[in-house]
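Single-structure report; data block below.
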Amino acid sequence: MMQTLNLVDGVWIPAQTGETFDVLDPATDEVVARVPNGGRADAVAAIEAAARAQPRWRSTTADHRAAILWRLAASMRTQTDRLARLMTREQGKPLAEARGEIAYAASFFEWAAEEGKRLHGEVIPAPTSDKRIMVLRQPVGVTAAITPWNFPAAMITRKLGPALAAGCTMVVKPAEQTPLSALALAELAVDAGVPPGVLNVVTGDPEAIGAAFLEHPAVRVLSFTGSTEVGQHLVARSAQTLTRLSLELGGHAPFIVFDDADLDAAVAGAIASKFRNAGQTCISPNRFLVHHAVHDEFCARMLEACAMLRSGPGCEEGVTTGPLIDDAAVAKVKAHVDDAVARGAVLRCGGEAVRPAAGLTPRFFAPTLLEGVDGSMRLSHEETFGPVVGVREFSDEAEAVAIANDTPYGLAAYFYTRDHARVWRVAEALEYGIVGVNDGAPSTARAPFGGMKHSGMGREGGRWVMDEYTEIKYVSWGLG
Ligand code: NAP
């Protein structure tokens, strides 16, 4: 059972033109489903449904909205296996990772449901005795979300959870490569009691749908997760309407291993953070900076750890590394490896994409280890988005921090050390929104997720989770 129509105003419908596009399994290129190729008119219909539903939804209590979100999260958890299999088919990640993503995605509904009950206002002492000053936090209204293919469920729930909990309505445009997870979530949302128009999902043309989100006066917030390039394009387009943007963009994480690091922990953290989703995550380390005193040992252990990884279709037991999302992704990763080797890096393993068995696509990029990386190489300044570990040596802490910060990106950074004073120094010096200290997997709904510099604006998660979806209103009350 698979939902393949758009959800607008509580009704499952095709695109107004009747057009569809194919959703492919990146492991086999089989057509998994056909979904509506929606455009501007479909987006406008969804926005208008969201606007009609808005007054009634915002007037419900936070407890009522929380109960619906908890039901939705519970049904995701009950149906984890079905949702994970669907995700693996359209996205390629190993089933174990897909199951993990469903749990992570559900946790955003649960977290936001409770935070919605804590949208406290304030009473501020007034400057004169004949006034009272109050501050209210209210839902912004109609919101829109555009999400990427690498986390087809969690990137939606991280936005949808707080929007619904705050009393906002939403129109979601999922990535063209992974719309089925979004439509399956929407189906569960309807079953959990999300009323017609409160959640709408429109698949299709990103430019046309994105333009409708930014041009329609009813849309107050557009929350976008994706590449920095598209984020910049949306910022430029939002100039006329001044639609509020929340942006979770690309990253270029440094992963620093100091000479006093626990190397077992550093290798385990490096493997977990680098090879999750075949390196296709925004917080994936792109630059491994290793102190020269532990460089050879770290590389030797990484080589052993890479040999333990198993490439194959995500639905097969024991597979750790699925296919890259498409041929363009393979070409980019290969170009980064070739560029590094041409500039003097040493390839210790991997380096190319393989076809693990007949009937599979040649998109399975072998876990790759490069030594002798330097700042001139493409992988030192462009997001690789693949299973490539490029190691660069450093000599002291100041040099490591300087290299780490030498990028326009500022999403996640990692470092391994046992020196407590260094933990504070380096954590404070890194210009990143998320810092993992002896921790290769920092993501949780309980903490603020987001970047500095070209990695975005705003935070998702933690007690800040409602900020993007609420307005602060100041009420000055003259007592007469
Ligand atoms: P992308 O190409 O920017 O696409 C992201 C979303 O934007 C997709 O839904 C896409 O639609 C849509 N889009 C593309 N062009 C658009 C336009 N002109 N107007 C409006 N929407 C448009 O990024 P991606 O390749 O899917 O995802 C990978 C990127 O996302 C990486 O850079 C990664 O670091 C970043 N990311 C960041 C975070 C974070 O939290 N900071 C999390 C995950 C991923 P189509 O699919 O239909 O093209």
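FYI, nothing fancy with the structure tokens labels: chains A, B, ... in order, residues from 1 per chain, ligands from 1 as they appear.
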
- Within-6 Å residues of ligand 1, basis only C-alpha atoms and all ligand atoms, as a PyMOL selection string: chain A and resi 146-149+174-177+205-207+210+225-227+230+248-251+281-282+450

- Task: Can you list, as a ChimeraX atom specification, all residues belonging to stretch 240-301 of chain A that DSSP tags as strand (DSSP E)?
- Result: /A:244-248,253-257,285-291

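Atom pair atom CA of A:Leu183 / atom CA of A:Ser75 has a distance of 14.5 Å (rounded to one decimal).
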
- Item | stretch 436-446 of chain A environment, 8 Å, only C-alpha atoms, sequence neighbours closer than 6 positions dropped, as a list in words | Tyr104, Ser107, Phe108, Trp111, Arg158, Ala265, Ala266, Ala268, Gly269, Ala270, Ala272, Ser273, Ala412, Ala413, Tyr414, Phe415, Tyr416, Thr417, Val423, Ala427, Glu460, Gly461, Gly462 and Arg463 of chain A

- Task: Please provide as a VMD selection string all residues within 7 Å of A:Pro14, with the sequence filter that same-chain residues fewer than 6 positions apart are discarded (counting only C-alpha atoms).
- Result: chain A and resid 5 to 6 36

Using N, CA, C and O atoms, can you export the residues from the last selection as an mmCIF file, in the first residue's frame?
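Result written to result.cif:
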data_model
loop_
_atom_site.group_PDB
_atom_site.id
_atom_site.type_symbol
_atom_site.label_atom_id
_atom_site.label_comp_id
_atom_site.auth_asym_id
_atom_site.auth_seq_id
_atom_site.Cartn_x
_atom_site.Cartn_y
_atom_site.Cartn_z
ATOM 1 N N LEU A 5 -0.694 10.151 -4.351
ATOM 2 C CA LEU A 5 -1.374 11.386 -4.758
ATOM 3 C C LEU A 5 -1.033 12.499 -3.776
ATOM 4 O O LEU A 5 -0.571 12.240 -2.667
ATOM 5 N N ASN A 6 -1.265 13.721 -4.208
ATOM 6 C CA ASN A 6 -1.027 14.864 -3.321
ATOM 7 C C ASN A 6 -2.180 15.012 -2.320
ATOM 8 O O ASN A 6 -3.321 14.633 -2.612
ATOM 9 N N PRO A 36 2.322 12.873 -8.556
ATOM 10 C CA PRO A 36 1.902 14.053 -9.320
ATOM 11 C C PRO A 36 3.043 15.029 -9.579
ATOM 12 O O PRO A 36 3.828 15.325 -8.676
#

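Taking atom CA of A:Asp339 and atom CA of A:Val391 as the two end points, the separation is 14.4 Å.
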
- Query: Quick one: distance from atom CA of A:Lys117 to atom CA of A:Ile472 in Å, one decimal?
  - Reply: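 These atoms are spaced 16.0 Å apart.
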
- Item | Nearest residue to A:Met302 from the set A:Ile434, A:Ala163, A:Leu263, A:Ala335 (distances using only C-alpha atoms) |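 Among the listed residues, A:Leu263 lies closest to A:Met302.
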
- Message: List as a list in words the protein and nucleic acid residues near stretch 420-422 of chain A, meaning an atom at most 12 Å away when only C-alpha atoms are counted, but skip any in the same chain fewer than 6 places from it.
- Response: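 Result of the neighbour search: Phe258, Asp259, Asp260, Ala261, Asp396, Glu397, Ala398, Val401, Glu428, Ala429, Leu430, Val437 and Asn438 of chain A.
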
Write a file of the just-selected residues containing C-alpha atoms, as an mmCIF file, in the first residue's frame.
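Writing the result to again.cif gives the following:
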data_model
loop_
_atom_site.group_PDB
_atom_site.id
_atom_site.type_symbol
_atom_site.label_atom_id
_atom_site.label_comp_id
_atom_site.auth_asym_id
_atom_site.auth_seq_id
_atom_site.Cartn_x
_atom_site.Cartn_y
_atom_site.Cartn_z
ATOM 1 C CA PHE A 258 44.234 15.549 18.598
ATOM 2 C CA ASP A 259 47.325 13.676 19.759
ATOM 3 C CA ASP A 260 45.697 12.874 23.131
ATOM 4 C CA ALA A 261 42.500 11.432 21.592
ATOM 5 C CA ASP A 396 49.278 22.128 16.765
ATOM 6 C CA GLU A 397 45.884 23.169 18.103
ATOM 7 C CA ALA A 398 45.932 26.691 16.671
ATOM 8 C CA VAL A 401 41.312 25.392 14.533
ATOM 9 C CA GLU A 428 34.443 27.955 21.849
ATOM 10 C CA ALA A 429 36.807 28.708 18.961
ATOM 11 C CA LEU A 430 35.039 26.625 16.298
ATOM 12 C CA VAL A 437 33.272 16.558 21.328
ATOM 13 C CA ASN A 438 34.241 12.884 21.378
#

- Mind checking which residues fall within 9 Å of A:Glu114, counting only C-alpha atoms, ignoring those fewer than 5 positions away in the same chain, and posting them as an MDAnalysis selection string? chainID A and resid 62:63 66 109 165

- Nearest candidate to A:Asp42 (options A:Phe213, A:Phe275, A:Phe151, A:Trp424; using only C-alpha atoms): A:Phe213

- Quick one: pick out all helix (DSSP H, G or I) residues within stretch 145-330 of chain A from a backbone DSSP run and write them as a VMD selection string. chain A and resid 154 to 166 179 to 192 206 to 215 228 to 237 263 to 279 295 to 307 327 to 330
